Structure formats: C-alpha cells, structure tokens
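The structure file structure17.txt is reproduced below (compact mmCIF, N, CA, C and O atoms).
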# COMPACT_ATOMS: atom_id res chain seq x y z
N MET G 19 109.72 106.53 97.70
CA MET G 19 108.66 106.00 96.85
C MET G 19 108.59 104.49 97.05
O MET G 19 109.60 103.81 96.99
N PRO G 20 107.37 103.92 97.29
CA PRO G 20 107.26 102.49 97.50
C PRO G 20 107.58 101.70 96.24
O PRO G 20 107.39 102.16 95.12
N SER G 21 108.09 100.53 96.46
CA SER G 21 108.40 99.61 95.36
C SER G 21 107.13 99.23 94.61
O SER G 21 106.08 99.04 95.22
N PRO G 22 107.20 99.10 93.28
CA PRO G 22 106.00 98.70 92.54
C PRO G 22 105.52 97.30 92.91
O PRO G 22 104.40 96.94 92.63
N LYS G 23 106.36 96.51 93.56
CA LYS G 23 105.97 95.16 93.95
C LYS G 23 105.60 95.12 95.43
O LYS G 23 105.80 94.13 96.09
N LYS G 24 105.02 96.19 95.93
CA LYS G 24 104.61 96.22 97.32
C LYS G 24 103.58 95.13 97.60
O LYS G 24 103.59 94.51 98.64
N PHE G 25 102.69 94.91 96.65
CA PHE G 25 101.67 93.88 96.79
C PHE G 25 101.92 92.80 95.75
O PHE G 25 102.12 93.10 94.57
N LYS G 26 101.87 91.56 96.19
CA LYS G 26 102.08 90.45 95.27
C LYS G 26 100.79 90.14 94.50
O LYS G 26 100.83 89.81 93.32
N ARG G 27 99.67 90.23 95.20
CA ARG G 27 98.38 89.92 94.58
C ARG G 27 97.40 91.06 94.85
O ARG G 27 97.35 91.62 95.94
N VAL G 28 96.59 91.35 93.82
CA VAL G 28 95.61 92.42 93.91
C VAL G 28 94.28 91.93 93.38
O VAL G 28 94.23 91.23 92.36
N LEU G 29 93.20 92.28 94.05
CA LEU G 29 91.86 92.01 93.57
C LEU G 29 91.29 93.33 93.09
O LEU G 29 91.18 94.29 93.85
N LEU G 30 90.97 93.40 91.80
CA LEU G 30 90.43 94.61 91.20
C LEU G 30 88.95 94.42 90.95
O LEU G 30 88.55 93.49 90.26
N LYS G 31 88.12 95.30 91.51
CA LYS G 31 86.67 95.25 91.30
C LYS G 31 86.32 96.38 90.33
O LYS G 31 86.55 97.54 90.61
N LEU G 32 85.79 96.00 89.18
CA LEU G 32 85.36 96.98 88.18
C LEU G 32 83.85 96.99 88.10
O LEU G 32 83.22 95.94 88.00
N SER G 33 83.28 98.15 88.11
CA SER G 33 81.85 98.23 87.88
C SER G 33 81.62 98.06 86.38
O SER G 33 82.48 98.40 85.57
N GLY G 34 80.47 97.53 86.03
CA GLY G 34 80.15 97.42 84.61
C GLY G 34 80.14 98.78 83.94
O GLY G 34 80.51 98.92 82.78
N GLU G 35 79.73 99.79 84.69
CA GLU G 35 79.67 101.14 84.15
C GLU G 35 81.04 101.66 83.71
O GLU G 35 81.13 102.52 82.85
N SER G 36 82.11 101.13 84.30
CA SER G 36 83.44 101.58 83.90
C SER G 36 83.74 101.20 82.45
O SER G 36 84.60 101.82 81.81
N LEU G 37 83.04 100.20 81.93
CA LEU G 37 83.28 99.76 80.56
C LEU G 37 82.49 100.55 79.53
O LEU G 37 82.75 100.43 78.33
N CYS G 38 81.53 101.34 79.98
CA CYS G 38 80.71 102.08 79.00
C CYS G 38 81.20 103.51 78.80
O CYS G 38 80.61 104.25 78.01
N GLY G 39 82.25 103.90 79.48
CA GLY G 39 82.80 105.23 79.28
C GLY G 39 81.79 106.32 79.56
O GLY G 39 81.11 106.29 80.57
N GLU G 40 81.65 107.25 78.65
CA GLU G 40 80.74 108.37 78.81
C GLU G 40 79.30 108.00 78.47
O GLU G 40 78.38 108.78 78.70
N SER G 41 79.09 106.83 77.87
CA SER G 41 77.75 106.40 77.50
C SER G 41 77.01 105.87 78.73
O SER G 41 77.61 105.62 79.78
N SER G 42 75.73 105.65 78.57
CA SER G 42 74.93 105.16 79.70
C SER G 42 74.87 103.63 79.73
O SER G 42 74.45 103.06 80.72
N HIS G 43 75.29 102.97 78.66
CA HIS G 43 75.25 101.51 78.63
C HIS G 43 76.18 100.99 77.54
O HIS G 43 76.72 101.76 76.76
N GLY G 44 76.36 99.69 77.53
CA GLY G 44 77.20 99.05 76.51
C GLY G 44 78.66 98.99 76.90
O GLY G 44 79.04 99.29 78.03
N ILE G 45 79.47 98.56 75.95
CA ILE G 45 80.91 98.47 76.14
C ILE G 45 81.55 99.37 75.09
O ILE G 45 81.36 99.16 73.89
N ARG G 46 82.29 100.36 75.53
CA ARG G 46 82.97 101.26 74.61
C ARG G 46 84.43 100.83 74.48
O ARG G 46 85.13 100.68 75.49
N PRO G 47 84.89 100.63 73.25
CA PRO G 47 86.27 100.17 73.02
C PRO G 47 87.32 101.05 73.70
O PRO G 47 88.32 100.52 74.22
N GLU G 48 87.11 102.36 73.73
CA GLU G 48 88.10 103.26 74.34
C GLU G 48 88.21 103.00 75.85
O GLU G 48 89.30 103.01 76.41
N ALA G 49 87.08 102.81 76.49
CA ALA G 49 87.08 102.55 77.93
C ALA G 49 87.73 101.20 78.23
O ALA G 49 88.56 101.09 79.14
N LEU G 50 87.37 100.20 77.46
CA LEU G 50 87.94 98.86 77.64
C LEU G 50 89.45 98.90 77.43
O LEU G 50 90.22 98.35 78.23
N SER G 51 89.89 99.57 76.39
CA SER G 51 91.31 99.67 76.09
C SER G 51 92.08 100.35 77.21
O SER G 51 93.18 99.92 77.59
N SER G 52 91.52 101.41 77.75
CA SER G 52 92.17 102.13 78.85
C SER G 52 92.33 101.23 80.08
O SER G 52 93.39 101.20 80.70
N ILE G 53 91.28 100.50 80.41
CA ILE G 53 91.32 99.62 81.58
C ILE G 53 92.36 98.52 81.41
O ILE G 53 93.18 98.28 82.29
N VAL G 54 92.32 97.83 80.26
CA VAL G 54 93.25 96.70 80.09
C VAL G 54 94.69 97.17 79.98
O VAL G 54 95.61 96.44 80.37
N SER G 55 94.91 98.39 79.50
CA SER G 55 96.28 98.93 79.46
C SER G 55 96.83 99.10 80.86
O SER G 55 97.99 98.78 81.13
N GLU G 56 95.99 99.59 81.77
CA GLU G 56 96.41 99.75 83.16
C GLU G 56 96.64 98.39 83.84
O GLU G 56 97.59 98.22 84.60
N VAL G 57 95.76 97.44 83.55
CA VAL G 57 95.94 96.09 84.11
C VAL G 57 97.26 95.49 83.61
O VAL G 57 98.01 94.90 84.38
N LYS G 58 97.54 95.66 82.34
CA LYS G 58 98.79 95.13 81.77
C LYS G 58 100.01 95.72 82.47
O LYS G 58 100.97 95.00 82.76
N LEU G 59 99.98 97.02 82.74
CA LEU G 59 101.11 97.65 83.46
C LEU G 59 101.34 96.97 84.80
O LEU G 59 102.49 96.70 85.18
N ALA G 60 100.26 96.71 85.53
CA ALA G 60 100.39 96.06 86.84
C ALA G 60 100.91 94.64 86.69
O ALA G 60 101.82 94.22 87.44
N VAL G 61 100.37 93.90 85.74
CA VAL G 61 100.80 92.51 85.54
C VAL G 61 102.26 92.46 85.10
O VAL G 61 103.03 91.63 85.57
N ASP G 62 102.64 93.36 84.21
CA ASP G 62 104.03 93.40 83.74
C ASP G 62 105.01 93.74 84.87
O ASP G 62 106.18 93.38 84.79
N SER G 63 104.52 94.41 85.92
CA SER G 63 105.40 94.72 87.05
C SER G 63 105.49 93.56 88.04
O SER G 63 106.18 93.65 89.04
N GLY G 64 104.76 92.46 87.75
CA GLY G 64 104.85 91.27 88.59
C GLY G 64 103.68 91.05 89.52
O GLY G 64 103.68 90.11 90.31
N VAL G 65 102.68 91.89 89.44
CA VAL G 65 101.51 91.74 90.31
C VAL G 65 100.57 90.68 89.73
O VAL G 65 100.28 90.69 88.53
N GLN G 66 100.12 89.76 90.57
CA GLN G 66 99.10 88.79 90.18
C GLN G 66 97.75 89.43 90.43
O GLN G 66 97.50 89.95 91.51
N MET G 67 96.88 89.41 89.41
CA MET G 67 95.60 90.11 89.54
C MET G 67 94.43 89.16 89.41
O MET G 67 94.43 88.27 88.57
N GLY G 68 93.46 89.40 90.26
CA GLY G 68 92.15 88.80 90.12
C GLY G 68 91.20 89.95 89.81
O GLY G 68 91.30 91.02 90.42
N ILE G 69 90.32 89.75 88.84
CA ILE G 69 89.42 90.84 88.45
C ILE G 69 87.98 90.38 88.62
O ILE G 69 87.59 89.30 88.17
N VAL G 70 87.20 91.22 89.29
CA VAL G 70 85.76 91.00 89.45
C VAL G 70 85.09 92.14 88.70
O VAL G 70 85.44 93.30 88.90
N VAL G 71 84.15 91.81 87.83
CA VAL G 71 83.49 92.84 87.04
C VAL G 71 81.99 92.72 87.18
O VAL G 71 81.45 91.61 87.26
N GLY G 72 81.32 93.84 87.26
CA GLY G 72 79.86 93.85 87.34
C GLY G 72 79.24 93.88 85.96
O GLY G 72 79.92 93.85 84.94
N GLY G 73 77.92 93.96 85.93
CA GLY G 73 77.19 93.96 84.67
C GLY G 73 76.23 95.10 84.51
O GLY G 73 75.36 95.06 83.64
N GLY G 74 76.38 96.13 85.34
CA GLY G 74 75.43 97.23 85.34
C GLY G 74 75.38 98.05 84.06
O GLY G 74 74.43 98.78 83.82
N ASN G 75 76.39 97.93 83.22
CA ASN G 75 76.37 98.64 81.94
C ASN G 75 75.43 97.96 80.94
O ASN G 75 75.05 98.57 79.94
N ILE G 76 75.06 96.72 81.22
CA ILE G 76 74.19 95.97 80.31
C ILE G 76 72.80 95.78 80.89
O ILE G 76 71.79 95.97 80.22
N TRP G 77 72.74 95.43 82.17
CA TRP G 77 71.44 95.15 82.78
C TRP G 77 71.43 95.56 84.23
O TRP G 77 72.35 95.23 84.98
N ARG G 78 70.38 96.25 84.64
CA ARG G 78 70.14 96.58 86.04
C ARG G 78 68.72 96.15 86.36
O ARG G 78 67.76 96.66 85.78
N GLY G 79 68.60 95.20 87.26
CA GLY G 79 67.29 94.66 87.60
C GLY G 79 66.32 95.69 88.14
O GLY G 79 65.12 95.60 87.91
N GLU G 80 66.83 96.70 88.85
CA GLU G 80 65.91 97.69 89.42
C GLU G 80 65.28 98.58 88.36
O GLU G 80 64.32 99.29 88.63
N GLN G 81 65.80 98.54 87.14
CA GLN G 81 65.17 99.31 86.06
C GLN G 81 63.74 98.84 85.83
O GLN G 81 62.85 99.62 85.56
N ASP G 82 63.54 97.54 85.96
CA ASP G 82 62.23 96.95 85.72
C ASP G 82 61.37 96.96 86.98
O ASP G 82 60.14 97.02 86.90
N ARG G 83 62.01 96.91 88.14
CA ARG G 83 61.33 96.90 89.45
C ARG G 83 60.32 95.76 89.58
O ARG G 83 59.30 95.89 90.24
N GLY G 84 60.58 94.65 88.91
CA GLY G 84 59.72 93.48 89.03
C GLY G 84 58.40 93.58 88.29
O GLY G 84 57.53 92.74 88.47
N GLU G 85 58.23 94.60 87.49
CA GLU G 85 56.97 94.79 86.80
C GLU G 85 56.77 93.79 85.66
O GLU G 85 55.71 93.20 85.52
N ALA G 86 57.77 93.61 84.83
CA ALA G 86 57.63 92.71 83.68
C ALA G 86 58.48 91.46 83.82
O ALA G 86 58.14 90.43 83.26
N ILE G 87 59.56 91.54 84.58
CA ILE G 87 60.49 90.43 84.71
C ILE G 87 60.62 90.06 86.18
O ILE G 87 60.86 90.93 87.03
N GLY G 88 60.46 88.79 86.47
CA GLY G 88 60.58 88.32 87.85
C GLY G 88 61.98 88.49 88.39
O GLY G 88 62.96 88.57 87.65
N ARG G 89 62.08 88.54 89.70
CA ARG G 89 63.37 88.77 90.38
C ARG G 89 64.42 87.75 89.99
O ARG G 89 65.57 88.09 89.69
N VAL G 90 64.06 86.48 89.99
CA VAL G 90 65.04 85.44 89.67
C VAL G 90 65.54 85.59 88.24
O VAL G 90 66.75 85.53 87.98
N THR G 91 64.63 85.83 87.32
CA THR G 91 65.03 86.02 85.92
C THR G 91 65.91 87.24 85.78
O THR G 91 66.92 87.23 85.06
N ALA G 92 65.57 88.32 86.48
CA ALA G 92 66.39 89.53 86.43
C ALA G 92 67.79 89.25 86.98
O ALA G 92 68.78 89.76 86.43
N ASP G 93 67.89 88.45 88.04
CA ASP G 93 69.20 88.08 88.58
C ASP G 93 70.00 87.27 87.56
O ASP G 93 71.20 87.47 87.40
N TYR G 94 69.34 86.35 86.87
CA TYR G 94 70.02 85.58 85.83
C TYR G 94 70.53 86.50 84.72
O TYR G 94 71.63 86.33 84.21
N MET G 95 69.72 87.48 84.35
CA MET G 95 70.13 88.42 83.32
C MET G 95 71.35 89.22 83.77
O MET G 95 72.26 89.49 82.97
N GLY G 96 71.39 89.59 85.03
CA GLY G 96 72.55 90.29 85.57
C GLY G 96 73.80 89.43 85.54
O GLY G 96 74.90 89.91 85.25
N MET G 97 73.64 88.14 85.84
CA MET G 97 74.79 87.23 85.78
C MET G 97 75.31 87.10 84.36
O MET G 97 76.52 87.07 84.12
N LEU G 98 74.40 87.04 83.40
CA LEU G 98 74.83 86.97 82.00
C LEU G 98 75.55 88.25 81.58
O LEU G 98 76.53 88.21 80.83
N ALA G 99 75.08 89.38 82.06
CA ALA G 99 75.75 90.65 81.76
C ALA G 99 77.17 90.64 82.30
O ALA G 99 78.10 91.11 81.64
N THR G 100 77.36 90.08 83.49
CA THR G 100 78.69 89.97 84.07
C THR G 100 79.58 89.09 83.22
O THR G 100 80.76 89.41 82.98
N ILE G 101 79.05 87.99 82.72
CA ILE G 101 79.82 87.10 81.86
C ILE G 101 80.21 87.80 80.57
O ILE G 101 81.35 87.69 80.10
N ILE G 102 79.29 88.56 79.99
CA ILE G 102 79.60 89.31 78.77
C ILE G 102 80.77 90.26 79.02
O ILE G 102 81.72 90.33 78.22
N ASN G 103 80.74 90.98 80.12
CA ASN G 103 81.83 91.90 80.45
C ASN G 103 83.14 91.16 80.70
O ASN G 103 84.21 91.61 80.28
N ALA G 104 83.07 90.03 81.37
CA ALA G 104 84.27 89.25 81.65
C ALA G 104 84.90 88.75 80.34
O ALA G 104 86.13 88.78 80.18
N LEU G 105 84.07 88.32 79.40
CA LEU G 105 84.59 87.87 78.11
C LEU G 105 85.24 89.02 77.35
O LEU G 105 86.29 88.84 76.70
N ALA G 106 84.65 90.20 77.41
CA ALA G 106 85.24 91.37 76.75
C ALA G 106 86.61 91.69 77.35
O ALA G 106 87.58 91.94 76.63
N LEU G 107 86.69 91.67 78.69
CA LEU G 107 87.97 91.92 79.35
C LEU G 107 89.00 90.86 79.00
O LEU G 107 90.16 91.16 78.72
N GLN G 108 88.58 89.61 79.03
CA GLN G 108 89.49 88.51 78.72
C GLN G 108 90.07 88.67 77.32
O GLN G 108 91.28 88.57 77.11
N ASP G 109 89.22 88.92 76.35
CA ASP G 109 89.66 89.05 74.98
C ASP G 109 90.62 90.24 74.82
O ASP G 109 91.67 90.11 74.18
N ALA G 110 90.28 91.37 75.40
CA ALA G 110 91.13 92.56 75.28
C ALA G 110 92.49 92.35 75.95
O ALA G 110 93.52 92.76 75.42
N LEU G 111 92.49 91.68 77.11
CA LEU G 111 93.76 91.39 77.79
C LEU G 111 94.61 90.43 76.98
O LEU G 111 95.82 90.63 76.85
N GLU G 112 94.00 89.40 76.45
CA GLU G 112 94.78 88.43 75.66
C GLU G 112 95.35 89.05 74.39
O GLU G 112 96.44 88.68 73.94
N LYS G 113 94.65 90.01 73.80
CA LYS G 113 95.18 90.72 72.62
C LYS G 113 96.44 91.51 72.96
O LYS G 113 97.27 91.76 72.10
N LEU G 114 96.57 91.90 74.23
CA LEU G 114 97.77 92.59 74.69
C LEU G 114 98.85 91.64 75.19
O LEU G 114 99.88 92.07 75.68
N GLY G 115 98.57 90.35 75.12
CA GLY G 115 99.54 89.35 75.58
C GLY G 115 99.49 89.07 77.06
O GLY G 115 100.42 88.47 77.60
N VAL G 116 98.44 89.47 77.74
CA VAL G 116 98.30 89.23 79.18
C VAL G 116 97.58 87.90 79.37
O VAL G 116 96.46 87.71 78.89
N PRO G 117 98.21 86.93 80.06
CA PRO G 117 97.53 85.65 80.29
C PRO G 117 96.33 85.83 81.21
O PRO G 117 96.37 86.62 82.16
N THR G 118 95.24 85.14 80.89
CA THR G 118 94.02 85.33 81.65
C THR G 118 93.57 84.08 82.38
O THR G 118 92.51 84.08 82.99
N ARG G 119 94.32 83.02 82.32
CA ARG G 119 93.92 81.78 82.99
C ARG G 119 95.05 81.28 83.85
O ARG G 119 96.17 81.46 83.56
Please express what this file holds, its structure, as structure tokens.
Amino acid sequence: MPSPKKFKRVLLKLSGESLCGESSHGIRPEALSSIVSEVKLAVDSGVQMGIVVGGGNIWRGEQDRGEAIGRVTADYMGMLATIINALALQDALEKLGVPTR
C-alpha cells in the first residue's frame, strides 16, 4: 500500500455542482461538509493543497445564451459565483481548524 505522503502537494479542482449535492443549484451544507472533511483528512496527513472551485452551481452563462445578459457581464457573474463558492469553502475549512492562507 502506498504511503499517504506519496504526494507533497495536490491541486484539487472542484466543480461548483459538487457543492449543491442532489440539488440543481446553490450550496448544500451536507455536500460542503463532506468535501471539507475529505480535504481535512488530506491536510492532516501532511499534504499541501491548492483548491480551484467553479461557480456552475450558482451561475452558468450558457443558460442565458446572450439573450438578456451580454457575454462580458455573464463572465463577471461567473467569476463572482466562483468567489462565493471559495468563501464558503474557506469558512467551512477554517471551522474545522484547517488553515486556508
């Protein structure tokens, strides 16, 4: 069995949809809790983690298809959705004692 410290650093890419659980949008506490628990296990084993999270659980530009919202504005909205998800992850990780900075 490989050592749990096989990798010193890991980049984890989470889709925004992973935060909404069984729902079609939003952030579900159960899904968030499950994800941060797994991240904590990795960090506690000595792995340094970088996390990239999407925003598709909050906003998807192709839903509008440019009909009501311009492409640039839709991209800005997607970036804000990503920030919202990142803040949710940060807060949940810090509540578990995982340093996020």
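Across the structure, CA of Ala104 (chain G) and CA of Glu85 (chain G) are spaced 28.3 Å apart.
Interatomic distance, atom N of Glu40 (chain G) to atom C of Gly73 (chain G): 14.5 Å.
Here atom O of Gln108 (chain G) stands at a distance of 8.9 Å from CA of Val54 (chain G).
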For Lys26 (chain G), please output as an mmCIF file with N, CA, C and O atoms, in the frame of the given file all residues within 4.5 Å (counting all atoms listed in the file; exclusion window: fewer than 3 positions along the same chain).
data_model
loop_
_atom_site.group_PDB
_atom_site.id
_atom_site.type_symbol
_atom_site.label_atom_id
_atom_site.label_comp_id
_atom_site.auth_asym_id
_atom_site.auth_seq_id
_atom_site.Cartn_x
_atom_site.Cartn_y
_atom_site.Cartn_z
ATOM 1 N N GLY G 64 104.760 92.460 87.750
ATOM 2 C CA GLY G 64 104.850 91.270 88.590
ATOM 3 C C GLY G 64 103.680 91.050 89.520
ATOM 4 O O GLY G 64 103.680 90.110 90.310
ATOM 5 N N VAL G 65 102.680 91.890 89.440
ATOM 6 C CA VAL G 65 101.510 91.740 90.310
ATOM 7 C C VAL G 65 100.570 90.680 89.730
ATOM 8 O O VAL G 65 100.280 90.690 88.530
ATOM 9 N N GLN G 66 100.120 89.760 90.570
ATOM 10 C CA GLN G 66 99.100 88.790 90.180
ATOM 11 C C GLN G 66 97.750 89.430 90.430
ATOM 12 O O GLN G 66 97.500 89.950 91.510
#
According to DSSP computed on the backbone, where in chain G is there strand (DSSP E)? Give the residues as a PDB file with N, CA, C and O atoms, in the coordinates of the input.
ATOM      1  N   ARG G  27      99.670  90.230  95.200  1.00  0.00           N
ATOM      2  CA  ARG G  27      98.380  89.920  94.580  1.00  0.00           C
ATOM      3  C   ARG G  27      97.400  91.060  94.850  1.00  0.00           C
ATOM      4  O   ARG G  27      97.350  91.620  95.940  1.00  0.00           O
ATOM      5  N   VAL G  28      96.590  91.350  93.820  1.00  0.00           N
ATOM      6  CA  VAL G  28      95.610  92.420  93.910  1.00  0.00           C
ATOM      7  C   VAL G  28      94.280  91.930  93.380  1.00  0.00           C
ATOM      8  O   VAL G  28      94.230  91.230  92.360  1.00  0.00           O
ATOM      9  N   LEU G  29      93.200  92.280  94.050  1.00  0.00           N
ATOM     10  CA  LEU G  29      91.860  92.010  93.570  1.00  0.00           C
ATOM     11  C   LEU G  29      91.290  93.330  93.090  1.00  0.00           C
ATOM     12  O   LEU G  29      91.180  94.290  93.850  1.00  0.00           O
ATOM     13  N   LEU G  30      90.970  93.400  91.800  1.00  0.00           N
ATOM     14  CA  LEU G  30      90.430  94.610  91.200  1.00  0.00           C
ATOM     15  C   LEU G  30      88.950  94.420  90.950  1.00  0.00           C
ATOM     16  O   LEU G  30      88.550  93.490  90.260  1.00  0.00           O
ATOM     17  N   LYS G  31      88.120  95.300  91.510  1.00  0.00           N
ATOM     18  CA  LYS G  31      86.670  95.250  91.300  1.00  0.00           C
ATOM     19  C   LYS G  31      86.320  96.380  90.330  1.00  0.00           C
ATOM     20  O   LYS G  31      86.550  97.540  90.610  1.00  0.00           O
ATOM     21  N   LEU G  32      85.790  96.000  89.180  1.00  0.00           N
ATOM     22  CA  LEU G  32      85.360  96.980  88.180  1.00  0.00           C
ATOM     23  C   LEU G  32      83.850  96.990  88.100  1.00  0.00           C
ATOM     24  O   LEU G  32      83.220  95.940  88.000  1.00  0.00           O
ATOM     25  N   GLN G  66     100.120  89.760  90.570  1.00  0.00           N
ATOM     26  CA  GLN G  66      99.100  88.790  90.180  1.00  0.00           C
ATOM     27  C   GLN G  66      97.750  89.430  90.430  1.00  0.00           C
ATOM     28  O   GLN G  66      97.500  89.950  91.510  1.00  0.00           O
ATOM     29  N   MET G  67      96.880  89.410  89.410  1.00  0.00           N
ATOM     30  CA  MET G  67      95.600  90.110  89.540  1.00  0.00           C
ATOM     31  C   MET G  67      94.430  89.160  89.410  1.00  0.00           C
ATOM     32  O   MET G  67      94.430  88.270  88.570  1.00  0.00           O
ATOM     33  N   GLY G  68      93.460  89.400  90.260  1.00  0.00           N
ATOM     34  CA  GLY G  68      92.150  88.800  90.120  1.00  0.00           C
ATOM     35  C   GLY G  68      91.200  89.950  89.810  1.00  0.00           C
ATOM     36  O   GLY G  68      91.300  91.020  90.420  1.00  0.00           O
ATOM     37  N   ILE G  69      90.320  89.750  88.840  1.00  0.00           N
ATOM     38  CA  ILE G  69      89.420  90.840  88.450  1.00  0.00           C
ATOM     39  C   ILE G  69      87.980  90.380  88.620  1.00  0.00           C
ATOM     40  O   ILE G  69      87.590  89.300  88.170  1.00  0.00           O
ATOM     41  N   VAL G  70      87.200  91.220  89.290  1.00  0.00           N
ATOM     42  CA  VAL G  70      85.760  91.000  89.450  1.00  0.00           C
ATOM     43  C   VAL G  70      85.090  92.140  88.700  1.00  0.00           C
ATOM     44  O   VAL G  70      85.440  93.300  88.900  1.00  0.00           O
ATOM     45  N   VAL G  71      84.150  91.810  87.830  1.00  0.00           N
ATOM     46  CA  VAL G  71      83.490  92.840  87.040  1.00  0.00           C
ATOM     47  C   VAL G  71      81.990  92.720  87.180  1.00  0.00           C
ATOM     48  O   VAL G  71      81.450  91.610  87.260  1.00  0.00           O
TER      49      VAL G  71
END
Report task. Find the residues around Leu105 (chain G) up to 12 Å (only C-alpha atoms counted), leave out those fewer than 6 positions away in its own chain, and share them as a PyMOL selection string. Result -> chain G and resi 45+50+69-73+98-99+111-112+118
Would you mind exporting the chosen residues as a PDB file, in the frame of the given file, restricted to N, CA, C and O atoms?
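Contents of again32.pdb, as written:
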ATOM      1  N   ILE G  45      79.470  98.560  75.950  1.00  0.00           N
ATOM      2  CA  ILE G  45      80.910  98.470  76.140  1.00  0.00           C
ATOM      3  C   ILE G  45      81.550  99.370  75.090  1.00  0.00           C
ATOM      4  O   ILE G  45      81.360  99.160  73.890  1.00  0.00           O
ATOM      5  N   LEU G  50      87.370 100.200  77.460  1.00  0.00           N
ATOM      6  CA  LEU G  50      87.940  98.860  77.640  1.00  0.00           C
ATOM      7  C   LEU G  50      89.450  98.900  77.430  1.00  0.00           C
ATOM      8  O   LEU G  50      90.220  98.350  78.230  1.00  0.00           O
ATOM      9  N   ILE G  69      90.320  89.750  88.840  1.00  0.00           N
ATOM     10  CA  ILE G  69      89.420  90.840  88.450  1.00  0.00           C
ATOM     11  C   ILE G  69      87.980  90.380  88.620  1.00  0.00           C
ATOM     12  O   ILE G  69      87.590  89.300  88.170  1.00  0.00           O
ATOM     13  N   VAL G  70      87.200  91.220  89.290  1.00  0.00           N
ATOM     14  CA  VAL G  70      85.760  91.000  89.450  1.00  0.00           C
ATOM     15  C   VAL G  70      85.090  92.140  88.700  1.00  0.00           C
ATOM     16  O   VAL G  70      85.440  93.300  88.900  1.00  0.00           O
ATOM     17  N   VAL G  71      84.150  91.810  87.830  1.00  0.00           N
ATOM     18  CA  VAL G  71      83.490  92.840  87.040  1.00  0.00           C
ATOM     19  C   VAL G  71      81.990  92.720  87.180  1.00  0.00           C
ATOM     20  O   VAL G  71      81.450  91.610  87.260  1.00  0.00           O
ATOM     21  N   GLY G  72      81.320  93.840  87.260  1.00  0.00           N
ATOM     22  CA  GLY G  72      79.860  93.850  87.340  1.00  0.00           C
ATOM     23  C   GLY G  72      79.240  93.880  85.960  1.00  0.00           C
ATOM     24  O   GLY G  72      79.920  93.850  84.940  1.00  0.00           O
ATOM     25  N   GLY G  73      77.920  93.960  85.930  1.00  0.00           N
ATOM     26  CA  GLY G  73      77.190  93.960  84.670  1.00  0.00           C
ATOM     27  C   GLY G  73      76.230  95.100  84.510  1.00  0.00           C
ATOM     28  O   GLY G  73      75.360  95.060  83.640  1.00  0.00           O
ATOM     29  N   LEU G  98      74.400  87.040  83.400  1.00  0.00           N
ATOM     30  CA  LEU G  98      74.830  86.970  82.000  1.00  0.00           C
ATOM     31  C   LEU G  98      75.550  88.250  81.580  1.00  0.00           C
ATOM     32  O   LEU G  98      76.530  88.210  80.830  1.00  0.00           O
ATOM     33  N   ALA G  99      75.080  89.380  82.060  1.00  0.00           N
ATOM     34  CA  ALA G  99      75.750  90.650  81.760  1.00  0.00           C
ATOM     35  C   ALA G  99      77.170  90.640  82.300  1.00  0.00           C
ATOM     36  O   ALA G  99      78.100  91.110  81.640  1.00  0.00           O
ATOM     37  N   LEU G 111      92.490  91.680  77.110  1.00  0.00           N
ATOM     38  CA  LEU G 111      93.760  91.390  77.790  1.00  0.00           C
ATOM     39  C   LEU G 111      94.610  90.430  76.980  1.00  0.00           C
ATOM     40  O   LEU G 111      95.820  90.630  76.850  1.00  0.00           O
ATOM     41  N   GLU G 112      94.000  89.400  76.450  1.00  0.00           N
ATOM     42  CA  GLU G 112      94.780  88.430  75.660  1.00  0.00           C
ATOM     43  C   GLU G 112      95.350  89.050  74.390  1.00  0.00           C
ATOM     44  O   GLU G 112      96.440  88.680  73.940  1.00  0.00           O
ATOM     45  N   THR G 118      95.240  85.140  80.890  1.00  0.00           N
ATOM     46  CA  THR G 118      94.020  85.330  81.650  1.00  0.00           C
ATOM     47  C   THR G 118      93.570  84.080  82.380  1.00  0.00           C
ATOM     48  O   THR G 118      92.510  84.080  82.990  1.00  0.00           O
TER      49      THR G 118
END
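Distances here use only C-alpha atoms; by that measure, the residue among G:Phe25, G:Asp109, G:Arg78, G:Gly34 closest to Ala92 (chain G) is G:Arg78.
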Requested in this report: List every residue of region 87-116 of chain G that DSSP, applied to the backbone of this structure, assigns to helix (DSSP H, G or I), and report them as a ChimeraX atom specification.
Outcome: /G:89-113
Requested in this report: Between G:Gly88, G:Leu107, G:Asp93, G:Val116, single out the one closest to Ile53 (chain G), counting only C-alpha atoms.
Outcome: G:Leu107
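Shortest separation to Asn103 (chain G) among G:Val90, G:Gly68, G:Glu48, G:Leu37 occurs at residue G:Leu37, atoms counted being all atoms listed in the file.
Among the candidates G:Ser42, G:Thr91, G:Asn75, G:Ser52, the residue lying nearest to Leu114 (chain G) is G:Ser52 (atoms considered: only C-alpha atoms).
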